[in-house]
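Asks: The following file, entry33.cif, comprises mmCIF, C-alpha atoms:
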data_work
loop_
_atom_site.label_atom_id
_atom_site.label_comp_id
_atom_site.auth_asym_id
_atom_site.auth_seq_id
_atom_site.Cartn_x
_atom_site.Cartn_y
_atom_site.Cartn_z
CA MET X 1 -24.90 0.20 54.48
CA ARG X 2 -25.21 0.15 50.69
CA PRO X 3 -27.88 1.81 48.51
CA LEU X 4 -29.60 -1.43 47.48
CA ASP X 5 -29.49 -3.31 50.78
CA GLY X 6 -32.76 -5.23 51.13
CA VAL X 7 -33.46 -5.50 47.39
CA ARG X 8 -33.93 -9.10 46.26
CA ILE X 9 -33.20 -10.14 42.67
CA LEU X 10 -33.77 -13.46 40.94
CA ASP X 11 -31.32 -13.78 38.05
CA LEU X 12 -32.66 -16.37 35.60
CA ALA X 13 -30.48 -15.13 32.76
CA THR X 14 -27.38 -16.65 31.17
CA PHE X 15 -24.08 -15.41 29.74
CA ILE X 16 -23.49 -11.65 30.13
CA ALA X 17 -26.08 -8.97 29.34
CA ALA X 18 -28.91 -9.38 31.86
CA PRO X 19 -26.60 -11.05 34.41
CA PHE X 20 -24.27 -8.04 34.21
CA ALA X 21 -27.17 -5.78 35.20
CA ALA X 22 -27.77 -8.00 38.23
CA THR X 23 -24.06 -7.98 39.06
CA ILE X 24 -23.96 -4.17 39.13
CA LEU X 25 -26.93 -4.12 41.48
CA ALA X 26 -25.34 -6.83 43.65
CA GLU X 27 -22.20 -4.74 44.04
CA PHE X 28 -24.33 -2.05 45.64
CA GLY X 29 -26.07 -4.30 48.11
CA ALA X 30 -28.84 -6.18 46.32
CA GLU X 31 -29.18 -9.85 47.15
CA VAL X 32 -28.93 -11.71 43.85
CA ILE X 33 -29.89 -15.36 43.61
CA LYS X 34 -28.73 -16.95 40.37
CA VAL X 35 -31.35 -19.48 39.23
CA GLU X 36 -29.56 -22.12 37.14
CA GLN X 37 -30.32 -25.32 35.28
CA PRO X 38 -29.60 -28.39 37.46
CA GLY X 39 -26.42 -30.21 36.54
CA SER X 40 -24.94 -27.75 34.07
CA GLY X 41 -25.78 -24.27 35.31
CA ASP X 42 -25.24 -21.07 33.35
CA PRO X 43 -23.11 -21.72 30.21
CA MET X 44 -21.04 -18.74 31.36
CA ARG X 45 -19.44 -21.11 33.85
CA GLN X 46 -17.61 -22.74 30.93
CA PHE X 47 -17.01 -19.55 28.95
CA GLY X 48 -13.49 -18.15 28.65
CA THR X 49 -10.43 -19.39 30.52
CA ALA X 50 -10.89 -22.52 32.61
CA THR X 51 -9.70 -22.90 36.21
CA GLU X 52 -9.13 -25.87 38.49
CA LEU X 53 -12.83 -25.69 39.36
CA PRO X 54 -14.91 -27.35 36.62
CA ASP X 55 -17.89 -25.03 37.15
CA SER X 56 -15.98 -21.76 37.51
CA SER X 57 -14.14 -20.19 34.58
CA LEU X 58 -12.29 -16.93 35.16
CA ALA X 59 -15.06 -15.13 33.29
CA TRP X 60 -17.65 -16.66 35.62
CA LEU X 61 -15.69 -15.76 38.75
CA SER X 62 -15.48 -12.12 37.65
CA GLU X 63 -18.90 -11.57 36.12
CA ALA X 64 -21.02 -13.54 38.62
CA ARG X 65 -19.49 -11.78 41.62
CA ASN X 66 -21.63 -11.11 44.70
CA LYS X 67 -24.25 -13.68 43.66
CA HIS X 68 -25.50 -16.93 45.14
CA SER X 69 -26.70 -19.91 43.15
CA ILE X 70 -29.66 -22.25 43.28
CA THR X 71 -30.53 -24.94 40.77
CA LEU X 72 -34.07 -25.08 39.43
CA ASN X 73 -35.56 -26.56 36.27
CA LEU X 74 -38.07 -23.93 35.16
CA LYS X 75 -39.36 -26.19 32.40
CA THR X 76 -41.08 -28.45 34.95
CA PRO X 77 -44.40 -27.58 36.63
CA GLU X 78 -42.82 -28.07 40.05
CA GLY X 79 -39.93 -25.78 39.13
CA ALA X 80 -42.30 -23.08 37.89
CA GLU X 81 -44.27 -23.25 41.13
CA LEU X 82 -41.12 -22.96 43.24
CA LEU X 83 -40.06 -19.91 41.24
CA LYS X 84 -43.43 -18.28 41.87
CA ARG X 85 -42.91 -18.74 45.60
CA LEU X 86 -39.57 -16.98 45.29
CA VAL X 87 -41.06 -14.22 43.14
CA ALA X 88 -43.58 -13.50 45.89
CA GLU X 89 -40.71 -12.32 48.10
CA ALA X 90 -38.54 -10.74 45.39
CA ASP X 91 -38.27 -7.27 43.89
CA VAL X 92 -36.71 -8.01 40.50
CA VAL X 93 -36.49 -10.89 38.03
CA CYS X 94 -33.85 -10.81 35.26
CA GLU X 95 -34.15 -13.00 32.14
CA ASN X 96 -32.72 -13.18 28.64
CA PHE X 97 -34.56 -16.08 27.04
CA ARG X 98 -36.05 -15.71 23.58
CA PRO X 99 -39.34 -13.79 23.68
CA GLY X 100 -42.22 -16.04 24.64
CA THR X 101 -40.12 -18.58 26.54
CA LEU X 102 -41.27 -17.57 30.01
CA GLU X 103 -44.87 -17.60 28.78
CA LYS X 104 -44.35 -21.14 27.46
CA TRP X 105 -43.26 -22.20 30.94
CA GLY X 106 -46.24 -20.50 32.57
CA LEU X 107 -44.02 -17.74 33.95
CA GLY X 108 -44.86 -14.73 31.76
CA TYR X 109 -44.99 -11.26 33.24
CA ASP X 110 -48.75 -11.33 33.75
CA THR X 111 -48.35 -14.49 35.82
CA LEU X 112 -45.47 -13.08 37.85
CA ARG X 113 -47.33 -9.82 38.43
CA ALA X 114 -50.36 -11.75 39.70
CA VAL X 115 -48.07 -13.35 42.28
CA ASN X 116 -46.38 -10.06 43.19
CA PRO X 117 -47.82 -6.77 41.83
CA LYS X 118 -44.56 -4.98 42.67
CA ILE X 119 -42.32 -7.33 40.74
CA ILE X 120 -40.00 -5.83 38.12
CA LEU X 121 -39.09 -8.01 35.13
CA LEU X 122 -35.91 -7.12 33.22
CA GLN X 123 -36.00 -8.77 29.80
CA VAL X 124 -32.92 -8.63 27.58
CA SER X 125 -32.96 -10.25 24.14
CA GLY X 126 -31.26 -9.89 20.79
CA TYR X 127 -34.07 -7.98 19.09
CA GLY X 128 -36.58 -7.09 21.81
CA GLN X 129 -40.01 -8.43 22.68
CA ASN X 130 -41.71 -7.32 19.46
CA GLY X 131 -40.95 -6.75 15.78
CA PRO X 132 -40.29 -9.07 12.83
CA TYR X 133 -36.94 -10.27 14.25
CA ARG X 134 -38.13 -10.97 17.80
CA ASP X 135 -37.83 -14.76 17.46
CA ARG X 136 -34.34 -14.77 15.97
CA PRO X 137 -31.40 -15.82 18.14
CA GLY X 138 -28.88 -13.11 18.84
CA PHE X 139 -25.62 -12.47 20.64
CA ALA X 140 -23.47 -9.37 20.99
CA ARG X 141 -21.59 -9.93 17.73
CA ILE X 142 -24.93 -10.05 15.91
CA ALA X 143 -26.08 -6.91 17.71
CA HIS X 144 -22.93 -5.08 16.63
CA ALA X 145 -23.71 -6.01 13.03
CA VAL X 146 -27.40 -5.10 13.11
CA GLY X 147 -26.92 -1.96 15.21
CA GLY X 148 -24.41 -0.38 12.82
CA LEU X 149 -21.19 -0.62 14.83
CA THR X 150 -19.43 -3.36 12.88
CA TYR X 151 -19.96 -1.48 9.61
CA LEU X 152 -17.78 1.31 10.98
CA ALA X 153 -14.91 -0.87 12.20
CA GLY X 154 -11.89 -1.52 9.99
CA MET X 155 -9.79 0.10 7.31
CA PRO X 156 -11.42 2.02 4.42
CA GLY X 157 -12.46 -0.28 1.61
CA GLU X 158 -11.63 -3.42 3.55
CA ALA X 159 -13.69 -6.01 5.44
CA PRO X 160 -15.49 -4.91 8.61
CA VAL X 161 -13.73 -6.20 11.72
CA THR X 162 -14.62 -6.98 15.31
CA PRO X 163 -15.01 -3.62 17.09
CA GLY X 164 -12.84 -4.48 20.07
CA SER X 165 -14.67 -6.78 22.48
CA THR X 166 -17.12 -9.25 20.97
CA SER X 167 -19.20 -8.77 24.15
CA LEU X 168 -19.53 -4.97 24.05
CA ALA X 169 -23.28 -4.99 23.39
CA ASP X 170 -23.80 -7.33 26.33
CA TYR X 171 -22.11 -4.98 28.76
CA ILE X 172 -23.79 -1.86 27.38
CA SER X 173 -27.16 -3.63 27.56
CA GLY X 174 -26.40 -4.65 31.13
CA LEU X 175 -25.70 -1.03 32.03
CA PHE X 176 -28.99 0.09 30.49
CA GLY X 177 -30.67 -2.80 32.29
CA ALA X 178 -29.31 -1.73 35.67
CA VAL X 179 -30.46 1.84 35.04
CA GLY X 180 -33.89 0.54 34.04
CA VAL X 181 -34.19 -1.51 37.23
CA LEU X 182 -33.23 1.47 39.38
CA MET X 183 -35.89 3.62 37.72
CA ALA X 184 -38.46 0.86 38.07
CA LEU X 185 -37.63 0.48 41.77
CA ARG X 186 -38.22 4.20 42.16
CA THR X 187 -41.57 3.84 40.37
CA VAL X 188 -42.55 1.07 42.79
CA GLU X 189 -41.91 3.51 45.64
CA GLN X 190 -44.11 6.09 43.93
CA THR X 191 -46.98 3.90 42.70
CA GLY X 192 -46.66 0.48 44.32
CA LYS X 193 -46.60 -1.15 40.89
CA GLY X 194 -43.87 -3.07 39.13
CA GLN X 195 -43.22 -3.08 35.40
CA ALA X 196 -41.45 -4.94 32.62
CA ILE X 197 -38.24 -3.56 31.11
CA ASP X 198 -37.60 -4.49 27.47
CA ILE X 199 -34.01 -4.20 26.20
CA ALA X 200 -32.75 -5.30 22.78
CA LEU X 201 -29.01 -5.78 22.34
CA PHE X 202 -28.91 -4.10 18.93
CA GLU X 203 -30.72 -1.00 20.21
CA THR X 204 -28.17 -0.33 22.93
CA ILE X 205 -25.39 -0.36 20.33
CA PHE X 206 -27.34 1.90 17.99
CA ARG X 207 -27.98 4.35 20.84
CA VAL X 208 -24.27 5.06 21.35
CA LEU X 209 -23.37 5.81 17.69
CA ASP X 210 -23.41 9.61 18.17
CA GLU X 211 -24.82 11.52 15.14
CA LEU X 212 -25.18 8.60 12.74
CA ALA X 213 -28.99 8.72 12.64
CA PRO X 214 -29.60 12.48 12.37
CA ALA X 215 -26.79 12.90 9.82
CA TYR X 216 -28.30 10.23 7.58
CA ALA X 217 -31.88 11.45 8.02
CA ARG X 218 -31.00 15.06 7.26
CA HIS X 219 -28.19 14.77 4.71
CA GLY X 220 -28.13 11.15 3.53
CA THR X 221 -24.66 10.74 5.02
CA VAL X 222 -23.47 7.15 5.33
CA ARG X 223 -20.36 7.02 7.46
CA GLU X 224 -17.84 4.51 6.14
CA ARG X 225 -14.97 2.73 7.81
CA GLU X 226 -12.34 5.27 8.79
CA GLY X 227 -9.39 3.14 9.82
CA LEU X 228 -6.93 4.93 12.07
CA GLY X 229 -8.51 8.37 11.88
CA THR X 230 -11.80 10.16 12.44
CA ARG X 231 -13.90 11.42 9.55
CA ASN X 232 -14.63 14.96 10.67
CA VAL X 233 -11.65 15.77 12.92
CA CYS X 234 -7.90 15.91 12.29
CA PRO X 235 -5.45 14.99 13.73
CA HIS X 236 -7.56 12.54 15.69
CA GLY X 237 -6.42 8.93 15.50
CA HIS X 238 -3.75 6.34 16.15
CA PHE X 239 -0.09 6.89 15.34
CA PRO X 240 2.95 4.55 15.48
CA THR X 241 5.92 5.27 17.73
CA ARG X 242 9.64 4.59 17.46
CA ASP X 243 9.66 1.59 19.80
CA GLY X 244 6.90 -0.27 17.97
CA GLY X 245 4.04 1.00 20.09
CA TRP X 246 1.05 3.11 19.22
CA VAL X 247 -0.50 6.22 20.69
CA ALA X 248 -3.92 7.80 20.43
CA ILE X 249 -3.96 11.56 19.84
CA ALA X 250 -7.17 13.58 19.91
CA CYS X 251 -7.13 17.19 18.70
CA THR X 252 -10.87 17.65 19.03
CA SER X 253 -10.87 21.44 18.75
CA ASP X 254 -9.00 24.22 17.01
CA LYS X 255 -7.59 25.33 20.36
CA ILE X 256 -6.05 21.92 21.01
CA TRP X 257 -4.64 21.89 17.48
CA GLN X 258 -2.94 25.20 18.13
CA ARG X 259 -1.23 23.64 21.15
CA MET X 260 -0.31 20.56 19.12
CA ALA X 261 1.22 22.57 16.30
CA VAL X 262 3.09 25.08 18.46
CA ASN X 263 3.98 23.19 21.66
CA VAL X 264 4.41 19.63 20.39
CA LEU X 265 5.23 19.67 16.69
CA LYS X 266 7.10 22.99 16.85
CA ARG X 267 5.33 23.96 13.64
CA PRO X 268 3.62 27.30 14.27
CA ASP X 269 3.33 27.67 10.50
CA LEU X 270 0.80 24.82 10.48
CA ALA X 271 -1.19 26.52 13.21
CA ASP X 272 -1.41 29.57 10.95
CA SER X 273 -2.03 27.74 7.66
CA HIS X 274 -4.57 25.23 9.03
CA PRO X 275 -6.39 27.00 11.86
CA THR X 276 -9.78 25.31 11.40
CA THR X 277 -10.98 21.73 11.45
CA ALA X 278 -12.13 22.08 7.84
CA ASP X 279 -8.61 23.14 6.81
CA ARG X 280 -7.06 20.12 8.50
CA VAL X 281 -9.62 17.60 7.25
CA ARG X 282 -9.05 18.87 3.71
CA ASP X 283 -5.29 18.32 4.07
CA ARG X 284 -5.53 15.22 6.25
CA ALA X 285 -2.63 13.42 4.56
CA LEU X 286 -0.32 16.37 5.22
CA ILE X 287 -1.36 16.86 8.85
CA ASP X 288 -1.36 13.17 9.75
CA GLY X 289 1.98 12.79 8.02
CA VAL X 290 3.55 15.52 10.14
CA VAL X 291 2.11 14.00 13.32
CA SER X 292 3.36 10.53 12.33
CA GLY X 293 6.79 12.00 11.66
CA PHE X 294 6.82 13.29 15.23
CA THR X 295 5.53 10.11 16.87
CA THR X 296 7.86 7.76 14.98
CA ALA X 297 10.83 9.86 16.09
CA HIS X 298 10.18 9.14 19.78
CA PRO X 299 9.42 6.12 21.95
CA THR X 300 5.86 5.75 23.20
CA ALA X 301 6.39 7.07 26.72
CA GLU X 302 8.21 10.11 25.40
CA VAL X 303 5.44 10.92 22.92
CA VAL X 304 2.89 10.79 25.73
CA GLU X 305 5.06 12.95 27.97
CA ILE X 306 5.70 15.62 25.30
CA CYS X 307 2.02 15.80 24.37
CA SER X 308 0.93 15.95 28.00
CA ARG X 309 3.34 18.81 28.70
CA GLY X 310 1.92 20.55 25.66
CA GLU X 311 -1.67 20.09 26.93
CA VAL X 312 -2.58 17.77 24.05
CA PRO X 313 -4.67 14.66 24.84
CA CYS X 314 -2.51 11.63 24.15
CA ALA X 315 -2.17 8.12 25.57
CA ALA X 316 -0.40 4.89 24.83
CA ILE X 317 -2.60 2.17 23.35
CA ASN X 318 -2.40 -0.34 26.17
CA SER X 319 -2.43 -4.09 26.09
CA ILE X 320 -3.64 -5.87 29.21
CA ALA X 321 0.02 -6.34 30.19
CA ASP X 322 0.52 -2.57 29.92
CA ILE X 323 -2.57 -1.99 32.05
CA PHE X 324 -1.17 -4.09 34.89
CA ASP X 325 1.92 -1.82 34.90
CA ASP X 326 0.01 1.45 34.52
CA PRO X 327 0.25 3.64 37.65
CA GLN X 328 -3.14 5.26 36.97
CA PHE X 329 -4.87 1.89 37.21
CA GLU X 330 -3.00 1.25 40.45
CA ALA X 331 -3.87 4.66 41.88
CA ARG X 332 -7.55 4.21 41.08
CA GLY X 333 -7.63 0.70 42.53
CA ILE X 334 -9.37 -0.63 39.45
CA LEU X 335 -7.47 -3.93 39.58
CA GLU X 336 -9.11 -5.61 42.56
CA ARG X 337 -7.28 -8.57 44.08
CA ILE X 338 -9.66 -11.08 45.66
CA GLN X 339 -8.63 -14.17 47.59
CA HIS X 340 -10.54 -17.27 46.51
CA ALA X 341 -10.68 -20.16 48.98
CA VAL X 342 -9.55 -22.70 46.38
CA LEU X 343 -7.88 -20.75 43.58
CA GLY X 344 -5.95 -18.14 45.54
CA GLU X 345 -5.65 -14.59 44.22
CA ILE X 346 -7.99 -13.63 41.39
CA VAL X 347 -7.66 -10.16 39.85
CA VAL X 348 -10.86 -8.60 38.52
CA PRO X 349 -12.05 -5.10 37.53
CA ASP X 350 -13.26 -3.18 40.57
CA VAL X 351 -16.75 -1.81 41.20
CA LEU X 352 -18.04 1.16 39.20
CA PRO X 353 -19.20 3.84 39.72
CA LYS X 354 -17.21 5.00 42.74
CA LEU X 355 -19.60 6.53 45.29
CA SER X 356 -18.08 8.64 48.05
CA GLU X 357 -20.63 7.90 50.79
CA ALA X 358 -22.12 4.50 49.91
CA PRO X 359 -19.61 2.69 47.70
CA GLY X 360 -20.17 -0.73 46.24
CA LYS X 361 -17.82 -3.59 46.96
CA ILE X 362 -16.96 -7.11 45.90
CA ASP X 363 -18.07 -9.52 48.61
CA SER X 364 -17.40 -12.74 46.72
CA LEU X 365 -16.54 -14.12 43.31
CA GLY X 366 -18.87 -16.22 41.15
CA PRO X 367 -20.50 -18.95 43.27
CA ARG X 368 -20.31 -22.71 42.98
CA LEU X 369 -23.38 -24.27 41.40
CA GLY X 370 -26.23 -24.57 43.91
CA ASP X 371 -24.34 -23.06 46.83
CA TRP X 372 -27.59 -21.62 48.29
CA ASN X 373 -29.91 -24.55 47.59
CA GLU X 374 -30.19 -25.51 51.25
CA LYS X 375 -30.61 -21.92 52.43
CA VAL X 376 -33.30 -21.02 49.89
CA TYR X 377 -35.27 -24.25 49.69
CA GLY X 378 -34.82 -25.32 53.28
CA GLU X 379 -34.69 -22.14 55.35
CA ARG X 380 -36.79 -19.80 53.22
CA LEU X 381 -39.32 -22.08 51.56
CA GLY X 382 -39.42 -24.61 54.39
CA LEU X 383 -38.93 -27.73 52.30
CA THR X 384 -37.92 -30.83 54.23
CA ALA X 385 -34.91 -32.98 53.44
CA ALA X 386 -37.24 -35.65 52.09
CA GLN X 387 -38.99 -33.16 49.82
CA LEU X 388 -35.67 -31.89 48.52
CA GLU X 389 -34.48 -35.43 47.82
CA THR X 390 -37.64 -36.13 45.84
CA LEU X 391 -37.21 -32.94 43.80
CA ILE X 392 -33.59 -33.81 43.10
CA LYS X 393 -34.52 -37.28 41.86
CA LYS X 394 -37.18 -35.75 39.58
CA GLY X 395 -34.65 -33.30 38.11
CA VAL X 396 -36.47 -30.24 39.46
CA ILE X 397 -33.52 -28.94 41.51
#
Since I need it in another form, could you write the structure as structure tokens?

Replies:
Amino acid sequence: MRPLDGVRILDLATFIAAPFAATILAEFGAEVIKVEQPGSGDPMRQFGTATELPDSSLAWLSEARNKHSITLNLKTPEGAELLKRLVAEADVVCENFRPGTLEKWGLGYDTLRAVNPKIILLQVSGYGQNGPYRDRPGFARIAHAVGGLTYLAGMPGEAPVTPGSTSLADYISGLFGAVGVLMALRTVEQTGKGQAIDIALFETIFRVLDELAPAYARHGTVREREGLGTRNVCPHGHFPTRDGGWVAIACTSDKIWQRMAVNVLKRPDLADSHPTTADRVRDRALIDGVVSGFTTAHPTAEVVEICSRGEVPCAAINSIADIFDDPQFEARGILERIQHAVLGEIVVPDVLPKLSEAPGKIDSLGPRLGDWNEKVYGERLGLTAAQLETLIKKGVI
């Protein structure tokens, strides 16, 4: 028994953001039917590293887990009518088309709500359903730029760089989307009414930029690119090690700095001369130089061990190869090994969060295109083989 057993979701969306919300819900028991364009399917199928299956990249296998697929051309009147029949029995619809697209197809929220007053519509777009930018195309990289994250990434005075994953905004938006759906499902229980959920990629990035907004509004502070360090804390950054690796060290309080200076650096004089954050930020070059002198004198693993013994937060900066050898990842079971009928073992990130009493699980990897066509159209909607053949010839399914 999982928390979302019995919840039915129609995932009309493509690529990552809204589909990721549906994936999270599927991991905890929701039935998710991926509604895809006949012939080609979700472009995510071709995104990333290819496999021996032409419609199943590694990214697709991981991110479309626990879903089933049907093909349906929503641009046709027959396709729109079939979707309405599915909406009548569903709880949630996920989409990430440009604002106004569903309305153009006769499938706007007012139409869906008339079919099923309890239906929840999750809408994820680059800029949201209103505002002067609503009609612009947008992906995660664009959201990072508009939302303020890219401006912060890079070395001082140099070009802004990609802040890690180019898909970060997609995944964050998917998380917010899943939370929104859960709250909307609760509201249905309370009121019997569904609702639309409006998520803009750029807003989810902006929301996680800590004090950027209040600091600018109150003091006019514009945070610039900080490179390896952190503007208002020191030492708090990335430092090279003797064997060519890097470590992250985070002395986020004066108490931790005392431990760093005394237990790790063996420099109690620095603990006395620079007891406050303001002292250390003022003499950042000195403090970071001493820390770098320590880290470059030891191999990565030794730096981490010395800092850990000294109760100072420190970790190696891991590549994916390092992650596969990291015992903490193994202990937590975060690298899930799934057997695929055709491809053999596929390793994917495990389900999060970890619930003690009703945990989620991975039932299957991303489906083949149209794997549930017969089940949905034949068994659930009662279409005959002849009707299905006609719809296929017309390009509806």

Asks: For Pro117 of chain X, find every residue with an atom within 12 Å (counting only C-alpha atoms), except residues of its own chain fewer than 4 positions away, and show them as a list in words.

Replies: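 Within the cut-off, the hits are Val87, Ala88, Glu89, Ala90, Asp91, Val92, Tyr109, Asp110, Thr111, Leu112, Arg113, Leu121, Val188, Thr191, Gly192, Lys193, Gly194, Gln195 and Ala196 of chain X.
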
Asks: Enumerate, as a list in words, the residues matched when the PyMOL selection byres ((chain X and resi 84) around 9) is run on the file above.

Replies: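 With the PyMOL selection byres ((chain X and resi 84) around 9) on this model, the match is Gly79, Ala80, Glu81, Leu82, Leu83, Arg85, Leu86, Val87, Ala88, Leu107, Thr111, Leu112, Val115 and Asn116 of chain X.
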
Asks: Quick one: of X:Glu389, X:Asp325, X:Glu36, X:Glu330, who's nearest to Arg368 of chain X, counting all atoms listed in the file?

Replies: X:Glu36

Asks: Excluding same-chain residues fewer than 2 positions from Leu209 of chain X, what lies within 9 Å of it counting all atoms listed in the file, as number ranges by chain?

Replies: X: 147-149, 205-207, 211-213

Asks: On this structure, the PyMOL selection byres ((chain X and resi 44) around 8) would catch which residues? List them as a short mmCIF file (atom, residue, chain, number, x, y, z; two decimals) with C-alpha atoms, keeping the file's coordinate frame, sorted by chain and number.

Replies:
data_model
loop_
_atom_site.label_atom_id
_atom_site.label_comp_id
_atom_site.auth_asym_id
_atom_site.auth_seq_id
_atom_site.Cartn_x
_atom_site.Cartn_y
_atom_site.Cartn_z
CA THR X 14 -27.38 -16.65 31.17
CA PHE X 15 -24.08 -15.41 29.74
CA ILE X 16 -23.49 -11.65 30.13
CA ASP X 42 -25.24 -21.07 33.35
CA PRO X 43 -23.11 -21.72 30.21
CA ARG X 45 -19.44 -21.11 33.85
CA GLN X 46 -17.61 -22.74 30.93
CA PHE X 47 -17.01 -19.55 28.95
CA SER X 57 -14.14 -20.19 34.58
CA ALA X 59 -15.06 -15.13 33.29
CA TRP X 60 -17.65 -16.66 35.62
#

Asks: Could you give me, as an MDAnalysis selection string, the residues within 12 Å of Glu78 of chain X, counting all atoms listed in the file and dropping anything in the same chain fewer than 4 positions from it?

Replies: chainID X and resid 72:74 82:85 105:106 387:388 390:392 394:397

Asks: Which one of X:Asp288, X:Val161, X:Thr276, X:Thr187 sits closest to Thr230 of chain X if you count only C-alpha atoms?

Replies: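 With only C-alpha atoms as the atom set, the closest residue is X:Asp288.
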
Asks: What does the structure give for the distance between atom CA of Gly100 of chain X and atom CA of Gly138 of chain X, in Å to one decimal?

Replies: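 Taking atom CA of Gly100 of chain X as the start and atom CA of Gly138 of chain X as the end point, the length is 14.8 Å.
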
Asks: Can you pull out the residues contacting Val35 of chain X? Cut-off 8 Å, using only C-alpha atoms, and skip same-chain residues under 3 positions away; I want them as a ChimeraX atom specification.

Replies: /X:10-13,69-72

Asks: Write out as an mmCIF file with C-alpha atoms, in the coordinates of the input the residues lying within 7 Å of Val262 of chain X, counting only C-alpha atoms and excluding same-chain residues fewer than 5 positions away.

Replies:
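The resulting file, result-v5.cif, is shown below:
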data_model
loop_
_atom_site.group_PDB
_atom_site.id
_atom_site.type_symbol
_atom_site.label_atom_id
_atom_site.label_comp_id
_atom_site.auth_asym_id
_atom_site.auth_seq_id
_atom_site.Cartn_x
_atom_site.Cartn_y
_atom_site.Cartn_z
ATOM 1 C CA ARG X 267 5.330 23.960 13.640
ATOM 2 C CA PRO X 268 3.620 27.300 14.270
ATOM 3 C CA ALA X 271 -1.190 26.520 13.210
#

Asks: With distances taken over all atoms listed in the file, which residue among X:Tyr171, X:Phe28, X:Phe202, X:Tyr216 lies nearest Leu4 of chain X?

Replies: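 For Leu4 of chain X, the nearest of the candidates is X:Phe28.
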
Asks: Calculate how many Å separate atom CA of Thr204 of chain X from atom CA of Tyr127 of chain X, rounding to one decimal.

Replies: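 Calculated distance between atom CA of Thr204 of chain X and atom CA of Tyr127 of chain X is 10.4 Å.
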
Asks: Please work out which residues fall within 10 Å of (2.5, 14.8, 16.7), coordinates as given in the file, with all atoms listed in the file counting, and return them as a list of chain:residue names.

Replies: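 Final list of nearby residues, as requested, is X:Pro235, X:Phe239, X:Val247, X:Ile249, X:Met260, X:Ala261, X:Asn263, X:Val264, X:Leu265, X:Lys266, X:Ile287, X:Asp288, X:Gly289, X:Val290, X:Val291, X:Ser292, X:Gly293, X:Phe294, X:Thr295, X:Thr296, X:Ala297, X:Val303, X:Val304, X:Ile306, X:Cys307, X:Val312, X:Cys314.
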
Asks: Please measure the separation of atom CA of Thr162 of chain X and atom CA of Ala143 of chain X, giving the value in Å to one decimal.

Replies: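 For atom CA of Thr162 of chain X relative to atom CA of Ala143 of chain X, the distance reads 11.7 Å.
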
Asks: Evaluated on this file, the PyMOL selection byres ((chain X and resi 151-153) around 12) picks out some residues - which ones are they, written as a ChimeraX atom specification?

Replies: /X:141-150,154-165,206,209,212,222-231

Asks: Which polymer residues, whether protein, DNA or RNA, lie within 12 Å of the coordinate (-33.2, -17.0, 24.7) when you count all atoms listed in the file? List them as a list in words, using the chain letters and numbers from the file.

Replies: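 Output: Leu12, Ala13, Thr14, Phe15, Ala17, Ala18, Glu95, Asn96, Phe97, Arg98, Pro99, Gly100, Thr101, Leu102, Gln123, Val124, Ser125, Gly126, Tyr127, Gly128, Gln129, Arg134, Asp135, Arg136, Pro137, Gly138, Phe139 and Ala200 of chain X.
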
Asks: Could you check which of X:Ile338, X:Ile197, X:Cys234, X:Ala248 is closest to Ala278 of chain X, using only C-alpha atoms?

Replies: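 For Ala278 of chain X, the nearest of the given residues is X:Cys234.
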
Asks: Taking only C-alpha atoms into account, name the residue in X:Ala217, X:Ser356, X:Ala178, X:Lys393 that is nearest to Gly39 of chain X.

Replies: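 Residue with the minimum atom-to-atom distance to Gly39 of chain X: X:Lys393.
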
Asks: For each of X:Asn232, X:Ser173, X:Thr166, X:Gln37, take the minimum atom-to-atom distance to Phe20 of chain X, counting all atoms listed in the file, then give the residue where this is smallest.

Replies: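 Between X:Asn232, X:Ser173, X:Thr166, X:Gln37, the residue approaching Phe20 of chain X most closely is X:Ser173.
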